[in-house]
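The file query37.txt comes next; it holds compact mmCIF, C-alpha atoms.
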```txt
# COMPACT_ATOMS: atom_id res chain seq x y z
CA MET F 1 31.45 2.07 42.39
CA SER F 2 28.80 -0.47 41.38
CA GLU F 3 28.09 -1.27 37.74
CA SER F 4 24.74 0.52 37.82
CA CYS F 5 23.73 3.82 39.33
CA ASN F 6 20.60 3.61 41.47
CA SER F 7 18.54 6.39 42.97
CA ARG F 8 20.60 6.40 46.18
CA HIS F 9 23.76 6.95 44.19
CA PHE F 10 22.14 9.77 42.26
CA SER F 11 21.01 11.36 45.49
CA TRP F 12 24.61 11.24 46.66
CA LEU F 13 25.71 12.89 43.42
CA MET F 14 23.27 15.72 43.90
CA LYS F 15 24.20 16.22 47.55
CA SER F 16 27.89 16.27 46.69
CA CYS F 17 27.31 19.17 44.33
CA PHE F 18 25.01 21.06 46.69
CA PRO F 19 26.07 20.36 50.29
CA ASN F 20 23.48 21.19 52.91
CA PRO F 21 24.74 24.29 54.75
CA ASN F 22 22.64 23.37 57.82
CA HIS F 23 24.10 19.87 58.04
CA THR F 24 26.36 19.30 61.08
CA ASN F 25 29.16 16.80 60.73
CA ASN F 26 30.52 15.48 64.06
CA SER F 27 33.96 14.71 62.69
CA LEU F 28 34.23 18.19 61.27
CA THR F 29 33.16 19.68 64.60
CA GLN F 30 35.84 17.73 66.43
CA ILE F 31 38.48 18.84 63.99
CA GLN F 32 37.42 22.44 64.30
CA THR F 33 37.51 22.16 68.12
CA GLN F 34 41.03 20.74 68.07
CA THR F 35 42.27 23.48 65.78
CA GLN F 36 40.82 26.52 67.51
CA THR F 37 44.32 27.91 67.93
CA GLN F 38 44.95 27.83 64.17
CA THR F 39 44.53 30.97 62.12
CA GLN F 40 41.35 31.83 60.23
CA SER F 41 43.03 31.25 56.88
CA GLN F 42 44.09 27.73 57.86
CA SER F 43 40.48 26.90 58.84
CA GLN F 44 39.24 28.14 55.48
CA ILE F 45 41.76 25.98 53.66
CA HIS F 46 40.70 22.93 55.68
CA ILE F 47 36.98 23.51 55.03
CA HIS F 48 37.68 23.98 51.34
CA SER F 49 39.48 20.63 51.25
CA TYR F 50 36.61 18.92 53.04
CA SER F 51 33.97 20.28 50.71
CA SER F 52 35.55 18.95 47.52
CA THR F 53 32.77 17.55 45.35
CA LEU F 54 32.23 15.20 42.45
CA SER F 55 32.49 18.19 40.13
CA SER F 56 36.22 18.36 40.87
CA LEU F 57 36.68 15.23 38.74
CA PRO F 58 38.02 15.65 35.19
CA ASP F 59 35.53 15.50 32.34
CA ASP F 60 36.25 11.91 31.32
CA LEU F 61 35.71 10.50 34.82
CA LEU F 62 32.66 12.67 35.42
CA LEU F 63 31.16 11.51 32.12
CA GLU F 64 31.75 7.91 33.14
CA CYS F 65 29.79 8.47 36.35
CA LEU F 66 26.96 10.44 34.75
CA SER F 67 26.53 7.94 31.92
CA ARG F 68 25.39 5.30 34.43
CA VAL F 69 22.51 7.37 35.80
CA PRO F 70 19.07 5.76 35.17
CA PRO F 71 16.88 7.38 32.47
CA SER F 72 14.34 8.64 34.99
CA SER F 73 16.99 10.92 36.55
CA LEU F 74 18.50 12.35 33.37
CA GLN F 75 16.14 15.31 33.25
CA PHE F 76 17.62 16.60 36.53
CA LEU F 77 21.30 16.30 35.61
CA SER F 78 21.43 19.19 33.15
CA SER F 79 19.98 21.50 35.83
CA VAL F 80 22.86 20.93 38.24
CA CYS F 81 25.31 23.28 36.52
CA ARG F 82 26.37 24.47 33.10
CA ARG F 83 29.29 22.08 32.99
CA TRP F 84 27.04 19.07 33.48
CA ALA F 85 24.64 20.40 30.86
CA ARG F 86 27.52 20.73 28.40
CA LEU F 87 28.77 17.20 29.10
CA LEU F 88 25.30 15.71 28.71
CA ASP F 89 24.97 17.43 25.34
CA SER F 90 28.24 15.96 24.03
CA PRO F 91 28.48 12.96 21.67
CA SER F 92 30.72 11.22 24.22
CA PHE F 93 27.85 11.00 26.71
CA LEU F 94 25.61 9.26 24.14
CA ASP F 95 28.44 6.87 23.19
CA LEU F 96 29.09 5.95 26.82
CA ARG F 97 25.43 5.25 27.52
CA ARG F 98 25.27 3.09 24.44
CA ARG F 99 28.37 1.20 25.59
CA HIS F 100 26.79 0.62 29.01
CA GLY F 101 23.57 -0.67 27.43
CA ARG F 102 21.48 2.29 28.63
CA ILE F 103 20.28 3.45 25.20
CA HIS F 104 16.84 2.25 24.11
CA THR F 105 14.99 2.78 20.85
CA THR F 106 11.68 4.48 21.59
CA VAL F 107 8.76 5.59 19.43
CA PHE F 108 7.66 9.16 20.12
CA ALA F 109 4.35 10.67 18.97
CA VAL F 110 4.05 14.45 19.23
CA SER F 111 0.72 16.26 19.05
CA ALA F 112 -0.34 19.91 19.37
CA THR F 113 -2.93 21.31 21.75
CA ASP F 114 -4.05 24.81 22.70
CA PHE F 115 -1.70 24.62 25.68
CA GLY F 116 1.45 23.35 24.01
CA LEU F 117 2.92 20.10 22.74
CA TYR F 118 2.08 16.67 24.10
CA GLU F 119 4.35 13.70 23.59
CA ALA F 120 3.72 10.00 24.09
CA SER F 121 6.47 7.38 24.09
CA LEU F 122 6.34 3.64 23.43
CA ARG F 123 9.22 1.29 24.22
CA PHE F 124 8.86 -2.35 23.22
CA GLU F 125 11.62 -3.34 25.63
CA ASP F 126 9.20 -2.51 28.44
CA ASP F 127 6.99 -5.45 27.46
CA VAL F 128 5.59 -7.33 30.43
CA ASP F 129 4.03 -10.62 29.33
CA GLY F 130 3.93 -9.25 25.79
CA VAL F 131 2.15 -6.03 26.82
CA CYS F 132 3.58 -2.55 26.40
CA ASN F 133 1.86 0.80 26.84
CA TRP F 134 2.30 4.41 25.83
CA LYS F 135 3.66 6.78 28.44
CA VAL F 136 2.27 10.32 28.37
CA PRO F 137 4.06 12.83 30.61
CA SER F 138 2.87 16.36 31.16
CA PHE F 139 2.80 18.49 28.02
CA LEU F 140 5.96 20.15 26.81
CA ALA F 141 5.88 23.65 28.24
CA ASN F 142 5.91 26.44 25.68
CA ASP F 143 7.59 29.03 27.89
CA ALA F 144 10.92 28.35 26.17
CA VAL F 145 9.55 28.89 22.68
CA SER F 146 7.88 32.05 21.39
CA LEU F 147 5.71 30.42 18.75
CA GLY F 148 2.21 30.98 20.05
CA ASN F 149 0.60 28.65 17.52
CA PHE F 150 1.60 25.04 18.05
CA HIS F 151 -1.14 23.84 15.69
CA GLY F 152 0.51 25.80 12.91
CA LEU F 153 3.89 24.30 13.75
CA LEU F 154 2.69 20.70 13.66
CA SER F 155 0.39 21.11 10.66
CA HIS F 156 2.01 18.73 8.16
CA ALA F 157 5.30 18.98 10.11
CA ARG F 158 8.00 16.34 9.97
CA LEU F 159 10.00 14.91 12.88
CA SER F 160 13.67 13.98 12.72
CA ALA F 161 15.77 12.57 15.56
CA VAL F 162 19.48 13.19 16.06
CA GLY F 163 20.67 11.26 19.09
CA SER F 164 18.26 11.90 21.95
CA LYS F 165 16.88 15.12 20.43
CA ILE F 166 13.74 15.47 18.31
CA PHE F 167 13.59 18.25 15.73
CA ILE F 168 10.02 19.30 14.94
CA ILE F 169 10.27 20.86 11.49
CA GLY F 170 7.34 23.00 10.40
CA ARG F 171 6.66 25.11 7.34
CA ASN F 172 8.19 28.31 8.73
CA ALA F 173 9.58 27.28 12.12
CA MET F 174 11.49 24.53 13.89
CA VAL F 175 11.94 23.54 17.53
CA ARG F 176 14.20 21.03 19.22
CA TYR F 177 12.94 18.82 22.03
CA ASP F 178 15.46 17.08 24.28
CA THR F 179 13.96 13.76 25.37
CA TRP F 180 16.38 13.57 28.32
CA SER F 181 16.01 17.02 29.86
CA GLY F 182 12.55 17.90 28.49
CA ALA F 183 13.85 21.25 27.23
CA VAL F 184 12.18 22.81 24.17
CA VAL F 185 14.13 25.47 22.27
CA ALA F 186 13.58 27.27 18.98
CA ARG F 187 15.94 26.46 16.11
CA SER F 188 16.52 27.99 12.69
CA ALA F 189 13.74 27.48 10.14
CA MET F 190 14.33 26.02 6.68
CA LEU F 191 15.51 28.38 3.95
CA PHE F 192 12.42 27.67 1.83
CA PRO F 193 8.87 27.26 3.17
CA ARG F 194 7.69 23.69 2.67
CA LYS F 195 4.52 21.71 3.29
CA LYS F 196 4.17 17.92 3.28
CA PHE F 197 7.87 17.45 2.56
CA ALA F 198 10.39 14.65 3.13
CA THR F 199 13.08 14.60 5.82
CA ALA F 200 15.68 12.10 6.99
CA VAL F 201 18.87 12.00 9.04
CA VAL F 202 22.19 10.97 7.48
CA SER F 203 25.43 11.07 9.49
CA GLY F 204 23.94 13.33 12.15
CA LYS F 205 22.55 15.92 9.71
CA ILE F 206 18.96 16.48 8.61
CA TYR F 207 18.00 16.58 4.92
CA ALA F 208 14.76 18.05 3.58
CA ALA F 209 13.30 17.85 0.07
CA GLY F 210 9.98 18.42 -1.68
CA GLY F 211 6.93 20.29 -0.48
CA GLY F 212 7.86 23.58 -2.13
CA SER F 213 6.09 24.91 -5.20
CA ARG F 214 8.88 27.33 -6.06
CA THR F 215 12.04 25.37 -5.46
CA ASP F 216 13.72 22.05 -6.25
CA ALA F 217 16.35 22.62 -3.56
CA VAL F 218 17.42 19.90 -1.14
CA GLU F 219 18.47 21.41 2.18
CA GLU F 220 20.91 20.15 4.79
CA TYR F 221 20.73 21.12 8.47
CA ASP F 222 23.72 20.95 10.82
CA PRO F 223 22.54 20.70 14.47
CA ASP F 224 25.97 21.79 15.77
CA THR F 225 25.88 25.15 13.99
CA ASP F 226 22.07 25.51 13.74
CA THR F 227 22.32 26.36 10.03
CA TRP F 228 20.59 25.25 6.85
CA ARG F 229 22.20 25.17 3.40
CA VAL F 230 21.28 23.99 -0.09
CA VAL F 231 23.25 20.93 -1.21
CA CYS F 232 21.62 20.04 -4.55
CA GLN F 233 18.52 20.22 -6.73
CA ALA F 234 15.98 17.38 -6.73
CA PRO F 235 15.17 15.60 -10.00
CA ARG F 236 11.44 15.78 -9.26
CA ARG F 237 9.41 18.42 -7.47
CA ARG F 238 7.21 16.40 -5.12
CA TYR F 239 4.39 17.33 -2.73
CA GLY F 240 3.21 15.03 0.05
CA CYS F 241 6.37 12.93 -0.10
CA ILE F 242 7.97 10.84 2.65
CA GLY F 243 11.64 10.65 3.62
CA THR F 244 13.90 8.00 5.11
CA SER F 245 17.56 6.95 4.94
CA VAL F 246 19.69 3.80 4.83
CA ASP F 247 23.47 3.46 4.37
CA GLY F 248 24.08 7.12 3.57
CA VAL F 249 21.27 7.41 1.00
CA PHE F 250 18.38 9.87 1.42
CA TYR F 251 15.13 8.42 -0.01
CA VAL F 252 12.39 10.79 -1.21
CA ILE F 253 9.31 8.62 -1.66
CA GLY F 254 5.89 9.10 -3.24
CA GLY F 255 3.88 12.28 -3.36
CA LEU F 256 2.34 14.27 -6.18
CA LYS F 257 3.85 16.41 -8.89
CA ILE F 258 3.94 20.06 -7.89
CA GLY F 259 4.76 23.11 -9.99
CA GLY F 260 5.40 23.29 -13.71
CA THR F 261 2.87 23.56 -16.50
CA ALA F 262 0.38 20.94 -17.55
CA VAL F 263 1.65 19.28 -20.74
CA GLY F 264 0.04 16.55 -22.82
CA THR F 265 -3.34 14.92 -22.78
CA GLU F 266 -5.30 13.99 -19.69
CA PRO F 267 -4.16 10.31 -19.78
CA GLN F 268 -0.53 11.45 -20.11
CA ARG F 269 -0.83 13.73 -17.12
CA ALA F 270 -2.49 10.95 -15.11
CA ALA F 271 0.36 8.58 -15.99
CA GLU F 272 2.94 11.16 -14.89
CA ALA F 273 1.13 11.65 -11.57
CA HIS F 274 1.14 7.88 -11.10
CA VAL F 275 4.91 7.81 -11.61
CA TYR F 276 5.41 10.33 -8.81
CA ALA F 277 3.03 8.57 -6.39
CA SER F 278 4.68 5.15 -6.72
CA SER F 279 8.37 6.01 -7.10
CA MET F 280 11.29 7.15 -4.98
CA ASP F 281 14.40 9.23 -5.68
CA LEU F 282 17.71 8.23 -4.10
CA TYR F 283 20.33 10.81 -3.10
CA ASP F 284 23.84 9.62 -2.16
CA VAL F 285 24.87 12.12 0.52
CA GLU F 286 28.59 11.35 0.48
CA ALA F 287 28.91 11.36 -3.32
CA ARG F 288 26.56 14.35 -3.65
CA ALA F 289 24.83 12.60 -6.53
CA TRP F 290 21.41 11.17 -7.37
CA LEU F 291 21.15 7.44 -8.00
CA ARG F 292 18.70 5.77 -10.34
CA SER F 293 15.09 6.25 -9.25
CA ARG F 294 13.10 3.17 -8.25
CA ALA F 295 9.40 2.39 -8.58
CA VAL F 296 7.15 0.30 -6.36
CA PRO F 297 6.11 -2.87 -8.22
CA GLY F 298 2.43 -2.84 -9.06
CA GLY F 299 2.19 0.93 -8.74
CA GLY F 300 -0.30 2.39 -6.33
CA CYS F 301 0.07 5.46 -4.15
CA VAL F 302 2.67 5.37 -1.36
CA VAL F 303 0.92 6.37 1.86
CA ALA F 304 3.57 5.43 4.45
CA ALA F 305 7.24 4.47 4.42
CA CYS F 306 10.19 4.01 6.78
CA SER F 307 13.50 2.19 7.11
CA ALA F 308 14.40 -0.69 9.43
CA ALA F 309 17.23 -3.21 9.55
CA GLY F 310 18.78 -2.08 6.26
CA HIS F 311 15.53 -2.08 4.27
CA VAL F 312 12.98 0.50 3.17
CA TYR F 313 9.38 -0.53 3.91
CA VAL F 314 6.60 0.96 1.80
CA LEU F 315 2.81 0.80 2.25
CA ALA F 316 0.96 1.50 -1.00
CA SER F 317 -2.74 2.10 -1.47
CA HIS F 318 -4.58 0.80 -4.52
CA ALA F 319 -8.18 1.09 -5.62
CA VAL F 320 -9.40 -1.91 -3.60
CA GLU F 321 -6.43 -3.09 -1.52
CA LEU F 322 -3.23 -2.25 0.31
CA SER F 323 0.19 -3.67 -0.53
CA PHE F 324 3.24 -3.79 1.71
CA TRP F 325 6.74 -3.95 0.21
CA LYS F 326 10.36 -4.30 1.32
CA PHE F 327 13.21 -2.69 -0.63
CA ASP F 328 16.76 -3.97 -0.01
CA ALA F 329 18.68 -0.75 0.69
CA ARG F 330 21.91 -2.33 1.95
CA ARG F 331 24.64 -1.10 -0.37
CA LYS F 332 27.27 -3.02 1.58
CA LYS F 333 26.89 -6.43 3.16
CA THR F 334 29.20 -7.86 5.82
CA THR F 335 30.64 -11.33 5.22
CA THR F 336 32.67 -13.34 7.70
CA GLN F 337 35.53 -15.61 6.65
CA ASN F 338 38.25 -17.03 8.87
CA ASN F 339 37.00 -14.97 11.84
CA SER F 340 37.41 -11.71 9.91
CA SER F 341 34.60 -9.46 8.68
CA THR F 342 34.65 -7.87 5.25
CA ALA F 343 32.21 -5.37 3.73
CA VAL F 344 31.36 -6.23 0.14
CA THR F 345 28.89 -4.82 -2.35
CA ASN F 346 25.40 -6.19 -1.80
CA ALA F 347 24.27 -7.85 -5.00
CA GLY F 348 20.69 -7.70 -3.77
CA PHE F 349 20.62 -3.91 -3.51
CA GLY F 350 17.47 -2.58 -5.14
CA GLU F 351 15.43 -5.79 -4.97
CA TRP F 352 11.75 -5.57 -4.01
CA CYS F 353 9.85 -8.18 -2.02
CA ARG F 354 6.12 -8.14 -1.33
CA LEU F 355 5.21 -8.82 2.28
CA LYS F 356 2.06 -9.65 4.18
CA SER F 357 -0.33 -6.70 4.12
CA PRO F 358 -1.42 -5.10 7.41
CA PRO F 359 -4.61 -6.57 8.95
CA LEU F 360 -7.03 -3.87 7.83
CA PRO F 361 -10.53 -4.43 6.41
CA ALA F 362 -10.68 -5.19 2.69
CA GLN F 363 -11.47 -2.37 0.26
CA VAL F 364 -10.33 0.35 2.65
CA ARG F 365 -8.51 3.01 0.70
CA LEU F 366 -6.19 5.24 2.68
CA ASP F 367 -6.39 8.91 1.73
CA SER F 368 -6.32 12.31 3.40
CA ILE F 369 -9.11 11.21 5.75
CA VAL F 370 -7.27 8.21 7.21
CA ARG F 371 -3.51 8.68 7.41
CA PHE F 372 -0.78 6.47 8.83
CA SER F 373 2.74 7.23 10.00
CA CYS F 374 5.38 4.53 9.61
CA VAL F 375 8.35 4.20 12.02
CA GLY F 376 11.19 1.68 11.98
CA VAL F 377 12.27 0.34 15.38
CA GLU F 378 15.22 -2.05 15.08
CA ASN F 379 13.70 -5.09 13.30
CA LYS F 380 10.10 -3.88 13.64
CA VAL F 381 7.91 -1.59 11.56
CA VAL F 382 5.34 0.36 13.58
CA LEU F 383 2.31 1.64 11.67
CA VAL F 384 0.52 4.39 13.60
CA GLN F 385 -2.87 5.77 12.53
CA VAL F 386 -2.47 9.49 13.17
CA THR F 387 -5.67 10.88 11.62
CA GLY F 388 -9.14 9.68 10.69
CA CYS F 389 -11.29 6.78 11.82
CA ILE F 390 -11.57 3.56 9.84
CA ASP F 391 -14.85 2.73 11.60
CA ASP F 392 -16.39 5.87 10.08
CA LEU F 393 -15.24 4.88 6.59
CA LEU F 394 -16.76 1.42 7.02
CA ARG F 395 -20.00 2.87 8.35
CA ARG F 396 -20.34 5.15 5.33
CA SER F 397 -19.84 2.18 3.03
CA GLY F 398 -22.56 0.17 4.79
CA ARG F 399 -20.30 -2.18 6.76
CA SER F 400 -20.68 -2.59 10.49
CA LEU F 401 -17.18 -3.66 11.58
CA ARG F 402 -15.99 -2.03 14.79
CA GLY F 403 -12.80 -1.72 16.78
CA LEU F 404 -10.70 0.35 14.35
CA ARG F 405 -11.04 3.82 15.77
CA GLU F 406 -8.47 6.61 15.85
CA GLY F 407 -5.01 5.86 17.14
CA LEU F 408 -4.71 2.31 15.76
CA VAL F 409 -1.18 0.88 16.09
CA LEU F 410 0.01 -2.14 14.11
CA VAL F 411 3.45 -3.75 14.49
CA TYR F 412 5.20 -5.80 11.81
CA ASP F 413 7.99 -8.16 12.91
CA SER F 414 10.46 -8.39 10.03
CA VAL F 415 11.97 -11.59 11.48
CA GLY F 416 8.75 -13.55 11.85
CA GLY F 417 6.94 -11.82 8.99
CA GLU F 418 3.75 -11.33 11.01
CA TRP F 419 1.61 -8.36 12.07
CA SER F 420 0.33 -7.79 15.58
CA ARG F 421 -1.82 -5.16 17.25
CA GLY F 422 -0.01 -2.69 19.47
CA PRO F 423 -1.43 -0.39 22.13
CA ASP F 424 -3.64 2.37 20.67
CA LEU F 425 -2.44 5.95 20.84
CA PRO F 426 -3.65 7.78 23.97
CA GLU F 427 -6.75 9.89 23.34
CA VAL F 428 -4.86 13.13 24.03
CA ILE F 429 -2.53 12.40 21.10
CA ARG F 430 -4.30 13.19 17.83
CA ARG F 431 -3.01 14.31 14.43
CA ALA F 432 0.42 13.31 15.63
CA ALA F 433 3.81 13.13 13.99
CA CYS F 434 5.98 10.13 14.89
CA VAL F 435 9.68 9.32 15.04
CA CYS F 436 12.03 6.72 16.53
CA VAL F 437 14.60 8.05 19.03
CA GLU F 438 17.66 6.60 20.77
CA CYS F 439 17.33 7.73 24.37
```

How would this structure read if it were set down as structure tokens?
Amino acid sequence: MSESCNSRHFSWLMKSCFPNPNHTNNSLTQIQTQTQTQTQSQSQIHIHSYSSTLSSLPDDLLLECLSRVPPSSLQFLSSVCRRWARLLDSPSFLDLRRRHGRIHTTVFAVSATDFGLYEASLRFEDDVDGVCNWKVPSFLANDAVSLGNFHGLLSHARLSAVGSKIFIIGRNAMVRYDTWSGAVVARSAMLFPRKKFATAVVSGKIYAAGGGSRTDAVEEYDPDTDTWRVVCQAPRRRYGCIGTSVDGVFYVIGGLKIGGTAVGTEPQRAAEAHVYASSMDLYDVEARAWLRSRAVPGGGCVVAACSAAGHVYVLASHAVELSFWKFDARRKKTTTQNNSSTAVTNAGFGEWCRLKSPPLPAQVRLDSIVRFSCVGVENKVVLVQVTGCIDDLLRRSGRSLRGLREGLVLVYDSVGGEWSRGPDLPEVIRRAACVCVEC
């Protein structure tokens, strides 16, 4: 078997599982002619031996073969039989593809239409002469999900990726989209209705916090059992917050204070709101404990955040400018001595560093009209404009700059420290939610 599986090999795999009953094999005909005197049972045994297929292999060998199939053919594998579908859904399949170098980090943007869900994908590894483009397949069919209102599902929804699967988490519903097979299935909704909440994935489980006016609960979702449970109570009740994770810590960032009674003077209440908007709470999942909260230097209102390469990146909006920050979230740092690697406590954990701001016009304040989604892709930070039009804001303020319409995509390279312009979102993708997926 060759190191890679091309389309001809895949065609052979499919034919081996579903032999053509009309196909005539000369060698088989000769054998059957020579054995006409044999009994009917002996002929059946011989035919059964001839028609042995790839599916007769044990699971480990079959997984090894299937893991080499090119990405374009993965959507067909799970339709072959239930056994193949089960193997493709196993963690071993993902590990094997990663070992063979067939896993790629991809940005997915999901948007709702009257007909269902559209998704667009962007893979920077597909760059040709520095150019990469969004790929928009046909919309995700809704025949597998009895929701009826996809706009309601994606209204302020959050996306979380576990392996190759995207979980679209709405206020009262959740669906799972398999990026390999294209299947969309309904999953269990959160225990408490939430809106504009924070989510992140830690050790293969999804955590949700904030967005609820009647609860401080932090929920944990197990994809294997399709169940939610409450794991702790949050120190602050936030609305409009953003979630991310690094090294086993769930970060709940920004947002506004929600619930409770108004206490103190107007300046005191304004100061408290400022604390919420520019701070983040840290939950250690393994220890089941909250760490010391951290605040963005210089304040401001956090409008986008994500994690990449062991750091948390935060975009904050001020009265007349934007600031972009990096938070060192590496609790352990690997050191190499005498050809041996050792994990030691990172003394720089918790340090902030201001970075170059994104190339947006001066005095543009991001709010509910213009909203960005931030996604970490290996050592890059991708800033995707999911709602609003900056050109319209500039026009209303009397400025005539052009070229910053809906769907603006900016890419920050954490190695070089520079911003670049990425391909704009396709026109069919509007008011999208974004996530990075290994697929």

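Counting all atoms listed in the file, the residue from F:Asp59, F:Arg102, F:Ala432, F:Cys374 that sits nearest to Ile168 (chain F) is F:Ala432.
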
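With all atoms listed in the file as the atoms that count, the residue of F:Ala433, F:Leu62, F:Ala200, F:Val69 with the shortest distance to Ser160 (chain F) is F:Ala200.
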
Separation of CA of Leu291 (chain F) from CA of Thr345 (chain F) in Å: 15.6 Å

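CA of Phe108 (chain F) sits 16.9 Å away from CA of Asn379 (chain F).
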
Selection: 8 Å around Asp328 (chain F), all atoms listed in the file, excl. self and same-chain fewer than 3 positions, as a PyMOL selection string: chain F and resi 310-312+348-352

Residue nearest Phe197 (chain F) - candidates F:Leu96, F:Val384, F:Val344, F:Val252, atoms counted: all atoms listed in the file: F:Val252

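Rounded to one decimal, CA of Ala183 (chain F) and CA of Gln75 (chain F) lie 8.8 Å from each other.
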
Within 9 Å of region 228-237 of chain F, which residues of region 274-338 of chain F show up? Give each one with its shortest atom-to-atom distance in Å (one decimal) and the two atoms involved, counting all atoms listed in the file, rows by chain then rising residue number, as a tab-separated table.
```
residue	atom	partner	partner_atom	distance
F:Tyr276	CA	F:Arg236	CA	8.1
F:Asp281	CA	F:Pro235	CA	7.7
F:Tyr283	CA	F:Ala234	CA	8.7
F:Arg288	CA	F:Cys232	CA	7.6
F:Ala289	CA	F:Cys232	CA	8.3
F:Trp290	CA	F:Pro235	CA	8.1
```
